[in-house]
$ cat run-v1.txt   # compact mmCIF, C-alpha atoms (C1' of nucleotides)
# COMPACT_ATOMS: atom_id res chain seq x y z
CA MET B 1 -14.76 22.99 -54.53
CA GLY B 2 -17.11 25.97 -54.48
CA ARG B 3 -19.86 26.51 -52.04
CA SER B 4 -23.24 25.34 -53.25
CA PRO B 5 -25.91 28.04 -53.63
CA CYS B 6 -28.36 28.40 -50.77
CA CYS B 7 -31.28 27.84 -53.10
CA GLU B 8 -32.23 27.07 -56.67
CA LYS B 9 -32.06 30.52 -58.25
CA ALA B 10 -33.91 29.49 -61.40
CA HIS B 11 -37.09 28.82 -59.42
CA THR B 12 -37.05 31.61 -56.88
CA ASN B 13 -38.36 35.14 -57.00
CA ARG B 14 -35.88 37.94 -56.46
CA GLY B 15 -36.06 41.66 -55.84
CA ALA B 16 -38.75 43.58 -54.01
CA TRP B 17 -41.34 41.66 -52.03
CA THR B 18 -45.01 41.86 -52.99
CA LYS B 19 -47.84 42.40 -50.51
CA ASP B 20 -48.97 38.85 -51.14
CA GLU B 21 -45.54 37.44 -50.32
CA ASP B 22 -45.38 39.54 -47.15
CA ALA B 23 -48.83 38.31 -46.11
CA ARG B 24 -47.87 34.69 -46.68
CA LEU B 25 -44.67 35.05 -44.69
CA ILE B 26 -46.40 36.81 -41.79
CA ALA B 27 -49.20 34.27 -41.72
CA TYR B 28 -46.78 31.36 -41.71
CA ILE B 29 -44.58 32.73 -38.94
CA ARG B 30 -47.61 33.65 -36.82
CA ALA B 31 -48.82 30.08 -37.15
CA HIS B 32 -45.51 28.23 -36.81
CA GLY B 33 -43.02 30.68 -35.36
CA GLU B 34 -39.55 31.54 -36.58
CA GLY B 35 -36.95 28.96 -37.43
CA CYS B 36 -36.00 26.44 -40.08
CA TRP B 37 -35.72 29.10 -42.76
CA ARG B 38 -34.59 26.51 -45.26
CA MET B 39 -37.94 24.74 -45.17
CA LEU B 40 -40.09 27.84 -44.66
CA PRO B 41 -40.49 29.02 -48.27
CA LYS B 42 -41.85 25.69 -49.43
CA ALA B 43 -44.09 25.31 -46.40
CA ALA B 44 -45.41 28.85 -46.73
CA GLY B 45 -45.91 28.61 -50.48
CA LEU B 46 -43.26 31.20 -51.27
CA ARG B 47 -40.90 31.11 -54.22
CA ARG B 48 -38.09 32.69 -52.23
CA CYS B 49 -34.95 31.31 -50.67
CA GLY B 50 -34.90 30.90 -46.90
CA LYS B 51 -32.27 33.55 -46.52
CA SER B 52 -34.46 36.08 -48.25
CA CYS B 53 -37.44 35.16 -46.05
CA ARG B 54 -35.39 35.53 -42.89
CA LEU B 55 -34.06 38.91 -43.96
CA ARG B 56 -37.50 40.18 -44.93
CA TRP B 57 -38.97 39.11 -41.60
CA ILE B 58 -36.16 40.44 -39.44
CA ASN B 59 -35.68 43.74 -41.22
CA TYR B 60 -39.20 44.66 -42.21
CA LEU B 61 -42.07 42.48 -41.05
CA ARG B 62 -41.34 41.79 -37.38
CA PRO B 63 -44.15 43.33 -35.30
CA ASP B 64 -41.80 44.78 -32.67
CA LEU B 65 -39.90 46.92 -35.15
CA LYS B 66 -39.70 50.63 -34.45
CA ARG B 67 -40.07 52.45 -37.75
CA GLY B 68 -39.18 56.06 -38.35
CA ASN B 69 -36.34 58.42 -37.63
CA PHE B 70 -33.62 57.74 -35.12
CA THR B 71 -33.73 59.89 -32.00
CA GLN B 72 -30.74 61.90 -30.79
CA GLU B 73 -30.36 59.40 -27.92
CA GLU B 74 -30.25 56.49 -30.35
CA ASP B 75 -27.84 58.40 -32.53
CA ASP B 76 -25.46 59.03 -29.63
CA LEU B 77 -25.77 55.46 -28.42
CA ILE B 78 -24.86 54.06 -31.83
CA VAL B 79 -21.74 56.21 -31.97
CA LYS B 80 -20.69 55.22 -28.48
CA ILE B 81 -21.24 51.50 -28.99
CA HIS B 82 -19.59 51.62 -32.39
CA SER B 83 -16.51 53.21 -30.83
CA LEU B 84 -16.27 50.14 -28.60
CA LEU B 85 -17.35 47.36 -30.93
CA GLY B 86 -16.73 48.59 -34.45
CA ASN B 87 -18.97 47.30 -37.24
CA ARG B 88 -20.68 44.68 -35.08
CA TRP B 89 -24.09 45.79 -36.26
CA SER B 90 -26.04 42.91 -34.78
CA LEU B 91 -24.56 43.64 -31.35
CA ILE B 92 -25.33 47.33 -31.70
CA ALA B 93 -28.87 46.46 -32.77
CA GLY B 94 -29.20 44.38 -29.63
CA LYS B 95 -28.79 47.53 -27.57
CA LEU B 96 -31.43 49.42 -29.54
CA PRO B 97 -34.82 47.73 -29.10
CA GLY B 98 -36.93 47.81 -32.26
CA ARG B 99 -33.99 48.56 -34.53
CA THR B 100 -32.38 46.06 -36.91
CA ASP B 101 -28.75 45.59 -37.75
CA ASN B 102 -29.46 46.46 -41.37
CA GLU B 103 -31.27 49.64 -40.39
CA ILE B 104 -28.45 50.74 -38.09
CA LYS B 105 -25.84 49.88 -40.71
CA ASN B 106 -27.67 51.95 -43.31
CA TYR B 107 -28.14 54.82 -40.86
CA TRP B 108 -24.48 54.72 -39.98
CA ASN B 109 -23.34 54.78 -43.59
CA THR B 110 -25.72 57.53 -44.69
CA HIS B 111 -25.89 59.81 -41.66
CA ILE B 112 -23.50 59.21 -38.80
CA ARG B 113 -20.47 58.48 -40.92
CA LYS B 114 -20.82 61.78 -42.76
CA LYS B 115 -21.48 63.64 -39.54
CA LEU B 116 -18.30 62.30 -37.96
CA LEU B 117 -16.30 63.11 -41.07
CA SER B 118 -17.66 66.67 -41.01
CA TRP B 119 -16.39 66.92 -37.44
CA GLY B 120 -12.96 65.71 -38.58
CA VAL B 121 -13.41 62.40 -36.82
CA ASP B 122 -12.49 59.12 -38.48
CA PRO B 123 -15.65 56.96 -38.38
CA ALA B 124 -13.57 53.80 -38.27
CA THR B 125 -11.35 54.71 -35.33
CA HIS B 126 -13.34 57.55 -33.70
CA ARG B 127 -10.14 59.56 -33.57
CA PRO B 128 -9.36 62.92 -35.17
CA ILE B 129 -8.49 62.52 -38.82
CA LYS B 130 -4.84 63.09 -39.61
CA ILE B 131 -3.55 63.85 -43.07
CA GLY B 132 0.04 62.66 -43.13
CA SER B 133 1.34 63.85 -39.80
CA ILE B 134 -0.87 66.93 -39.72
CA CYS B 135 -4.08 66.79 -37.77
CA PHE B 136 -7.18 67.45 -39.90
CA GLU B 137 -8.45 70.18 -37.61
CA ARG B 138 -5.13 71.96 -37.55
CA ARG B 139 -4.99 71.86 -41.36
CA ARG B 140 -8.39 73.53 -41.56
CA GLU B 141 -7.15 76.35 -39.36
CA GLU B 142 -3.98 76.70 -41.38
CA ASP B 143 -5.59 77.00 -44.79
CA GLY B 144 -8.27 79.34 -43.53
CA ALA B 145 -11.14 77.11 -44.58
CA GLU B 146 -12.65 77.38 -41.14
CA ALA B 147 -13.31 81.10 -41.49
CA GLN B 148 -15.07 80.77 -44.83
CA HIS B 149 -16.93 77.50 -44.18
CA PRO B 150 -17.40 77.04 -40.47
CA GLN B 151 -17.75 73.37 -39.61
CA PRO B 152 -20.13 72.02 -36.99
CA LYS B 153 -18.30 71.18 -33.82
CA CYS B 154 -18.28 67.81 -32.18
CA PRO B 155 -20.56 67.92 -29.12
CA VAL B 156 -18.56 68.38 -25.94
CA ASP B 157 -20.36 65.57 -24.11
CA LEU B 158 -19.74 63.03 -26.84
CA ASN B 159 -16.61 61.17 -25.80
CA LEU B 160 -15.06 59.91 -29.00
CA GLU B 161 -11.87 58.64 -27.42
CA LEU B 162 -11.58 54.89 -27.68
CA CYS B 163 -12.60 53.40 -24.37
CA ILE B 164 -12.62 49.64 -24.27
CA SER B 165 -14.67 48.73 -21.26
CA PRO B 166 -13.36 45.30 -20.15
CA PRO B 167 -10.53 45.63 -17.66
CA LEU B 168 -7.04 44.76 -18.83
CA GLN B 169 -6.96 41.33 -17.21
CA GLN B 170 -10.23 40.38 -18.93
CA ALA B 171 -9.02 41.63 -22.27
CA THR B 172 -6.04 39.34 -22.08
CA SER B 173 -7.73 36.32 -20.58
CA SER B 174 -11.02 36.33 -22.46
CA SER B 175 -12.17 37.40 -25.87
CA SER B 176 -15.81 37.84 -24.85
CA ARG B 177 -17.03 41.40 -24.73
CA SER B 178 -20.21 42.97 -23.53
CA VAL B 179 -21.69 46.42 -23.54
CA ASN B 180 -24.13 47.55 -20.92
C1' DA Q 1 -40.25 69.50 -68.83
C1' DA Q 2 -36.31 66.77 -69.13
C1' DA Q 3 -31.96 65.26 -67.66
C1' DC Q 4 -28.97 64.57 -64.17
C1' DC Q 5 -27.33 63.88 -59.49
C1' DC Q 6 -27.57 62.24 -54.98
C1' DA Q 7 -29.33 60.12 -50.77
C1' DC Q 8 -31.74 56.52 -48.90
C1' DC Q 9 -32.81 51.84 -47.94
C1' DA Q 10 -34.39 47.10 -49.18
C1' DA Q 11 -32.34 43.20 -50.77
C1' DC Q 12 -28.55 40.28 -52.31
C1' DC Q 13 -24.02 37.98 -51.88
C1' DG Q 14 -20.21 35.72 -49.81
C1' DC Q 15 -18.20 33.92 -45.92
C1' DG Q 16 -17.43 32.48 -41.07
C1' DA Q 17 -19.62 30.11 -37.27
C1' DT Q 18 -22.21 26.51 -35.63
C1' DA Q 19 -24.81 22.20 -35.49
C1' DC Q 20 -25.18 17.71 -36.66
C1' DA Q 21 -24.53 13.17 -38.87
C1' DG J 1 -12.15 14.05 -36.36
C1' DT J 2 -14.32 15.22 -40.71
C1' DG J 3 -17.63 16.71 -44.02
C1' DT J 4 -21.99 18.86 -45.00
C1' DA J 5 -26.00 21.74 -44.18
C1' DT J 6 -27.80 25.71 -42.29
C1' DC J 7 -27.80 30.06 -39.96
C1' DG J 8 -26.42 34.69 -39.16
C1' DC J 9 -23.54 38.59 -40.08
C1' DG J 10 -21.31 42.36 -42.55
C1' DG J 11 -20.28 44.39 -47.00
C1' DT J 12 -22.16 45.78 -51.16
C1' DT J 13 -25.43 46.66 -54.84
C1' DG J 14 -29.26 48.50 -57.26
C1' DG J 15 -33.88 50.62 -57.51
C1' DT J 16 -36.41 54.62 -56.37
C1' DG J 17 -37.71 59.17 -55.18
C1' DG J 18 -36.58 63.91 -54.35
C1' DG J 19 -33.84 67.86 -55.39
C1' DT J 20 -31.16 70.57 -58.61
C1' DT J 21 -29.67 72.28 -63.00

$ encode --input "run-v1.txt" --output "structure tokens"
Amino acid sequence: MGRSPCCEKAHTNRGAWTKDEDARLIAYIRAHGEGCWRMLPKAAGLRRCGKSCRLRWINYLRPDLKRGNFTQEEDDLIVKIHSLLGNRWSLIAGKLPGRTDNEIKNYWNTHIRKKLLSWGVDPATHRPIKIGSICFERRREEDGAEAQHPQPKCPVDLNLELCISPPLQQATSSSSRSVN
DNA sequence: AAACCCACCAACCGCGATACA
DNA sequence: GTGTATCGCGGTTGGTGGGTT
């Protein structure tokens, strides 16, 4: 048995939100607060599914959101936390006030991922990329590509070695993890 | 000026987790 | 203990704008 859809697609708007829809959503949440996303669209007079309302609020309309470019500090922090937690975007977002998981995920995929790859670092493991048994960086030296197209170097102070913070006994006795 | 390419990002989709009857 | 509804997360898609040919 398949999962039932979260909403009746035939009677809901899809795609980009209009100013009027944004205004209705903001007004409703200011008056009633967040929560019960399932009921919200009907109560707010929106032809959207609750999921869509929640996403729009969290990723775009929340008043505490910090818009604009990521700072170098945020950039470094994302890389460091990602090396510990992997693609746990909501957890990473929790360490970056004013940033959303979606925003960080997009930033990772469009900026940081490419930057790490250009350094010869695997974005998934945060370890030097190896091709077969040959290290990526060594290959570059061997084929002379480095001389013709010098690559940016990984910052010295950015520790990309995997470093799981919980002590060994915690790692074996508990699955809960925290980053501070 | 037009066509094409690419990067960015808002939004959607599917699924696991959780709450509740 | 089980089934259902809802929430929240992560992966992916698609529209748009800017740059290049």

$ atom_distance --input "run-v1.txt" --atom1 "atom CA of B:Arg47" --atom2 "atom CA of B:Thr12"
4.7 Å

$ interface_residues --input "run-v1.txt" --of "chain J" --to "chain B" --cutoff "9 Å" --atoms "all atoms listed in the file" --output "list of chain:residue names"
J:DT6, J:DC7, J:DC9, J:DG10

$ closest_atom_pairs --input "run-v1.txt" --of "chain Q" --to "chain B" --cutoff "8 Å" --atoms "only C-alpha atoms (C1' of nucleotides)" --output "CSV"
residue,atom,partner,partner_atom,distance
Q:DA7,C1',B:Thr110,CA,7.5
Q:DC8,C1',B:Thr110,CA,7.4
Q:DC9,C1',B:Asn106,CA,6.9
Q:DA10,C1',B:Ala16,CA,7.4
Q:DA11,C1',B:Gly15,CA,6.5

$ atom_distance --input "run-v1.txt" --atom1 "atom CA of B:Lys95" --atom2 "atom CA of B:Asp75"
12.0 Å

$ residues_around --input "run-v1.txt" --residues "B:Ile29" --least-positions-apart "3" --cutoff "10 Å" --atoms "only C-alpha atoms (C1' of nucleotides)" --output "list in words"
Arg24, Leu25, Ile26, His32, Gly33, Glu34, Gly35, Leu40, Ala44, Trp57 and Arg62 of chain B

$ atom_distance --input "run-v1.txt" --atom1 "atom CA of B:Leu96" --atom2 "atom CA of B:Lys66"
9.7 Å

$ residues_around --input "run-v1.txt" --residues "Q:DC4" --least-positions-apart "4" --cutoff "12 Å" --atoms "only C-alpha atoms (C1' of nucleotides)" --output "number ranges by chain"
J: 19-21

$ residues_around --input "run-v1.txt" --residues "Q:DA21" --least-positions-apart "4" --cutoff "12 Å" --atoms "only C-alpha atoms (C1' of nucleotides)" --output "PyMOL selection string"
chain J and resi 2-5
